[in-house]
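Asker: My questions all concern the structure below.
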Amino acid sequence: MPRPSIGPGIVVSGHMRSVTAFVLGLTTVTSALAAPPTAPPRSPGKPQAAAAPAASGTPSPASKATAALERLALSIQRRTLPNGLRVVLNPDPSAPVIGVSVTYDVGSRVEAKGQSGFAHLFEHMMFQGSRHVKKGEHFGLIAERGGSLNGTTSSDRTNYFEVLPASELELALWLESDRMRWLDVSAENFENQRAVVKEEYRMRIENAAYMPASLRLLELVYAAYPPYANPTIGTIADLDAAKLEWVQSFYEAHYAPNTAVLAIAGGFDADQANTLIDRYFGAVPARPSKPFPTPQELPEARAARERVEDGNAKTPAVYYGWLIPPSHTPEHYALEIAAMLLSDGESARLYQKLVRSSSVALDARAWTRDFRGPDQFGVQVVLDERAKLEDVQKKLDTEIAALRKTLASDAELTRVKQRIESSFIFGLEPTLSRAVELGEYELFWGDARGITRELANYRNVTATQVRDAVARYLTDERRVVLEVVPKTKAKP
């Protein structure tokens, strides 16, 4: 069973969406439609290489990243099938492999009260077999063709992906279409995967230092917006109370072609891919769906302070959290850069002041969640065993206050932007990373090509915008503070 990694406390996911996350971690083709076959397709011959986009001149060293993204934009093809499935193709004749990603517009934010963890539970269910694929056979078919696969769940989406030799595109499409249309939502599979997810919760949350505090921080920051207060991994109580009919209803409501994006990147021929997509996905029926509403205005931020005991923590820690604007807004880009100024690498401010200079912390980091709706800015500092929480918070407050009041230096801003640029470009080189990111951009923002314009949004951020965004949103009046202390063990 795939075991996705958990992000800083709330995301069962292997990656995040923003450019800074790489650092911190229609053509329409008409063909006859046919139902998926009852056996896996045989390996086709090597696909014909797609034509490379026309060169537009040799870029200068300063514009290599821009030129690379322009070439990527030209190579992206988009279309929508009659049943609503959105398709993004990125042929790359230089790649010997393909990355295939199916992203569904369902995450923990859609879960009803008392049904937390359903999106993640369903990620597990999707590997338990379908009408023409026996339980465990999905893994076997991919592995014997030299590929790999997995799935991840976040607050905003669930995705499934494969990496395979370029000749195996048809296999991946057949497998994904079969479980999209005919997943085996049986009582046996449900009970088996409920037990697996509960064990994952115990291992990754209950028995992991600082993780319960991360979930509590999420609840406090999103007190005014419950959809994001919901932990993606769920709770043991809700998993115990889950009923099979709830899971079946969840599948029918959220797993359909009109709620998904299919993205393919790598060494394939676009015409051949479109023919296969029509063959395997064209007959999958659409289902009624309701778009999840995103608030037009930022909910009211509520300050809070709590102290929690952690039996797995060896030293204390402090968390700060703020509610901030959604991703892809000007102020969010500025706050992403603020997070990097604080914690990106050993030259960042928090490492220099808390870890290196004063030796009061073992680790210090800052992040944005990059949610589609209201987002979170977070800071975590794990203390040295000799340090005191009060002293560390004063030093942390000093660093946040400096960001509010003074402009970042040109050297700092240049360093951060160069890190963003290089990490973003290199992050898109693997075919799977490209497929996943293109699928998410299409689902979240309506056009996969938007990813090729992202660097400009960071390049244009000024030191003044960073300072002003921090001064507006990272204030004491809007801040959640969570102190973590090791739990005192009773003497025998």
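Scheme for the structure tokens: letters A, B, ... for chains in order shown; per-chain residue numbers from 1; ligand numbers from 1 in order shown.
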List the spatial neighbours of region 199-213 of chain A as a ChimeraX atom specification - criterion: any atom at most 6 Å away, only C-alpha atoms, same-chain residues fewer than 3 positions off excluded.
Answerer: /A:9,196,216,312-313
Asker: When you look at region 338-354 of chain A with a cut-off of 10 Å (counting only C-alpha atoms), what residues show up, excluding the ones that are within fewer than 4 positions of it in the same chain? I need them as a PyMOL selection string.
Answerer: chain A and resi 20-21+23-24+332-334+358-368+377-384+392+395-396+399-400+403-404+408+412-413+415-417+419-420+463+465-467+469-470
Asker: Out of region 57-178 of chain A, which residues get strand (DSSP E or B) from DSSP, as an MDAnalysis selection string?
Answerer: chainID A and resid 77:80 86:91 97:104 130 133 148:153 158:165
Asker: Using the selection just defined, write its residues with C-alpha atoms as a short mmCIF file (atom, residue, chain, number, x, y, z; two decimals), in the first residue's frame.
Answerer:
```cif
data_model
loop_
_atom_site.label_atom_id
_atom_site.label_comp_id
_atom_site.auth_asym_id
_atom_site.auth_seq_id
_atom_site.Cartn_x
_atom_site.Cartn_y
_atom_site.Cartn_z
CA GLN A 77 -1.52 21.06 -25.20
CA ARG A 78 -4.93 21.29 -23.49
CA ARG A 79 -8.32 19.86 -24.31
CA THR A 80 -11.54 18.83 -22.57
CA ARG A 86 -9.55 17.97 -18.70
CA VAL A 87 -6.41 16.78 -20.46
CA VAL A 88 -2.96 18.37 -20.41
CA LEU A 89 -0.22 16.99 -22.64
CA ASN A 90 3.47 17.92 -22.55
CA PRO A 91 5.35 15.84 -25.16
CA VAL A 97 9.94 7.80 -19.77
CA ILE A 98 6.45 9.19 -19.22
CA GLY A 99 4.83 10.65 -16.14
CA VAL A 100 1.05 10.24 -15.87
CA SER A 101 -0.93 12.07 -13.20
CA VAL A 102 -4.67 12.10 -12.51
CA THR A 103 -5.68 14.87 -10.12
CA TYR A 104 -9.17 14.86 -8.60
CA SER A 130 -11.49 -2.32 -9.96
CA VAL A 133 -7.95 -5.16 -12.16
CA SER A 148 6.56 3.05 -10.14
CA LEU A 149 3.37 4.60 -8.79
CA ASN A 150 1.81 6.30 -5.79
CA GLY A 151 -0.88 8.72 -4.68
CA THR A 152 -1.08 11.70 -2.35
CA THR A 153 -3.82 13.62 -0.57
CA THR A 158 -6.04 13.94 -4.39
CA ASN A 159 -3.73 12.68 -7.13
CA TYR A 160 -2.54 9.36 -8.51
CA PHE A 161 0.50 8.93 -10.69
CA GLU A 162 2.76 6.51 -12.54
CA VAL A 163 6.21 6.70 -14.07
CA LEU A 164 6.77 4.20 -16.87
CA PRO A 165 8.92 3.59 -19.94
#
```
Asker: Go ahead and compute the interatomic distance for CA of Arg453 (chain A) and CA of Ala260 (chain A), in Å to one decimal.
Answerer: 22.9 Å
Asker: Quick one: of A:Glu390, A:Asp271, A:Glu454, A:Asp240, who's nearest to Thr329 (chain A), counting only C-alpha atoms?
Answerer: A:Glu454
Asker: Enumerate the residues of region 385-478 of chain A with a DSSP assignment of helix (DSSP H, G or I), computed from the backbone, and present them as an mmCIF file with C-alpha atoms, in the first residue's frame.
Answerer:
```cif
data_model
loop_
_atom_site.group_PDB
_atom_site.id
_atom_site.type_symbol
_atom_site.label_atom_id
_atom_site.label_comp_id
_atom_site.auth_asym_id
_atom_site.auth_seq_id
_atom_site.Cartn_x
_atom_site.Cartn_y
_atom_site.Cartn_z
ATOM 1 C CA LEU A 389 10.568 29.115 25.816
ATOM 2 C CA GLU A 390 10.203 32.706 26.962
ATOM 3 C CA ASP A 391 13.705 33.656 25.819
ATOM 4 C CA VAL A 392 13.332 31.963 22.435
ATOM 5 C CA GLN A 393 9.993 33.630 21.771
ATOM 6 C CA LYS A 394 11.517 37.042 22.460
ATOM 7 C CA LYS A 395 14.257 36.362 19.917
ATOM 8 C CA LEU A 396 11.704 35.050 17.418
ATOM 9 C CA ASP A 397 9.524 38.124 17.954
ATOM 10 C CA THR A 398 12.530 40.316 17.255
ATOM 11 C CA GLU A 399 13.103 38.656 13.885
ATOM 12 C CA ILE A 400 9.443 38.932 12.860
ATOM 13 C CA ALA A 401 9.390 42.573 13.960
ATOM 14 C CA ALA A 402 12.479 43.291 11.859
ATOM 15 C CA LEU A 403 10.674 41.967 8.782
ATOM 16 C CA ARG A 404 7.719 44.250 9.564
ATOM 17 C CA LYS A 405 9.756 47.391 10.036
ATOM 18 C CA ASP A 410 19.223 43.735 -2.066
ATOM 19 C CA ALA A 411 21.643 40.866 -1.418
ATOM 20 C CA GLU A 412 19.057 38.902 0.603
ATOM 21 C CA LEU A 413 16.322 39.409 -1.941
ATOM 22 C CA THR A 414 18.623 38.472 -4.814
ATOM 23 C CA ARG A 415 19.733 35.286 -3.049
ATOM 24 C CA VAL A 416 16.154 34.199 -2.386
ATOM 25 C CA LYS A 417 14.974 34.936 -5.918
ATOM 26 C CA GLN A 418 17.905 33.062 -7.429
ATOM 27 C CA ARG A 419 17.059 30.090 -5.231
ATOM 28 C CA ILE A 420 13.455 30.241 -6.364
ATOM 29 C CA GLU A 421 14.424 30.438 -10.015
ATOM 30 C CA SER A 422 16.932 27.601 -10.061
ATOM 31 C CA SER A 423 14.850 25.303 -7.873
ATOM 32 C CA PHE A 424 11.736 25.923 -9.927
ATOM 33 C CA ILE A 425 13.403 25.156 -13.238
ATOM 34 C CA PHE A 426 15.227 22.082 -11.942
ATOM 35 C CA GLY A 427 12.063 20.962 -10.164
ATOM 36 C CA THR A 431 8.659 14.170 -16.223
ATOM 37 C CA LEU A 432 6.580 13.115 -13.221
ATOM 38 C CA SER A 433 7.065 16.430 -11.407
ATOM 39 C CA ARG A 434 6.040 18.246 -14.568
ATOM 40 C CA ALA A 435 2.920 16.118 -15.035
ATOM 41 C CA VAL A 436 1.845 16.568 -11.434
ATOM 42 C CA GLU A 437 2.384 20.324 -11.423
ATOM 43 C CA LEU A 438 0.678 20.830 -14.790
ATOM 44 C CA GLY A 439 -2.331 18.856 -13.580
ATOM 45 C CA GLU A 440 -2.619 20.949 -10.448
ATOM 46 C CA TYR A 441 -2.293 24.251 -12.276
ATOM 47 C CA GLU A 442 -5.038 23.198 -14.664
ATOM 48 C CA LEU A 443 -7.308 22.096 -11.818
ATOM 49 C CA PHE A 444 -6.693 24.999 -9.464
ATOM 50 C CA TRP A 445 -6.154 27.970 -11.742
ATOM 51 C CA ALA A 448 -1.765 24.610 -17.010
ATOM 52 C CA ARG A 449 0.249 27.114 -19.007
ATOM 53 C CA GLY A 450 0.061 29.446 -16.026
ATOM 54 C CA ILE A 451 2.954 27.566 -14.477
ATOM 55 C CA THR A 452 5.232 29.062 -17.137
ATOM 56 C CA ARG A 453 4.400 32.576 -15.900
ATOM 57 C CA GLU A 454 5.025 31.955 -12.217
ATOM 58 C CA LEU A 455 8.629 33.112 -12.024
ATOM 59 C CA ALA A 456 7.612 36.618 -13.060
ATOM 60 C CA ASN A 457 5.339 36.862 -10.019
ATOM 61 C CA TYR A 458 8.325 36.288 -7.731
ATOM 62 C CA ARG A 459 10.794 38.365 -9.714
ATOM 63 C CA ALA A 463 11.405 44.583 -0.558
ATOM 64 C CA THR A 464 8.705 47.126 0.214
ATOM 65 C CA GLN A 465 5.959 44.623 -0.676
ATOM 66 C CA VAL A 466 7.525 42.005 1.595
ATOM 67 C CA ARG A 467 7.727 44.433 4.490
ATOM 68 C CA ASP A 468 4.171 45.688 3.980
ATOM 69 C CA ALA A 469 2.662 42.184 3.714
ATOM 70 C CA VAL A 470 4.420 41.080 6.896
ATOM 71 C CA ALA A 471 3.314 44.272 8.680
ATOM 72 C CA ARG A 472 -0.290 43.695 7.641
ATOM 73 C CA TYR A 473 -0.678 39.984 8.302
ATOM 74 C CA ASP A 476 0.663 39.879 17.301
ATOM 75 C CA GLU A 477 -3.081 40.610 17.195
ATOM 76 C CA ARG A 478 -3.616 37.959 14.497
#
```
Asker: Ranking A:Tyr319, A:Trp182, A:Tyr222, A:Tyr251 by minimum distance to Phe118 (chain A) and counting only C-alpha atoms, which one comes first?
Answerer: A:Tyr251
Asker: Can you measure CA of Gln296 (chain A) to CA of Pro226 (chain A) for me? One decimal in Å is fine.
Answerer: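 These atoms are spaced 15.5 Å apart.
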Asker: If you count only C-alpha atoms, which residues fall within 8 Å of Arg305 (chain A), apart from same-chain ones fewer than 2 positions away, as a count of residues only?
Answerer: 6
Asker: Which of these, A:Leu428, A:Ile142, A:Ala317, A:Val106, has the shortest distance to Ala119 (chain A) once you count only C-alpha atoms?
Answerer: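 Counting only C-alpha atoms, the residue closest to Ala119 (chain A) is A:Val106.
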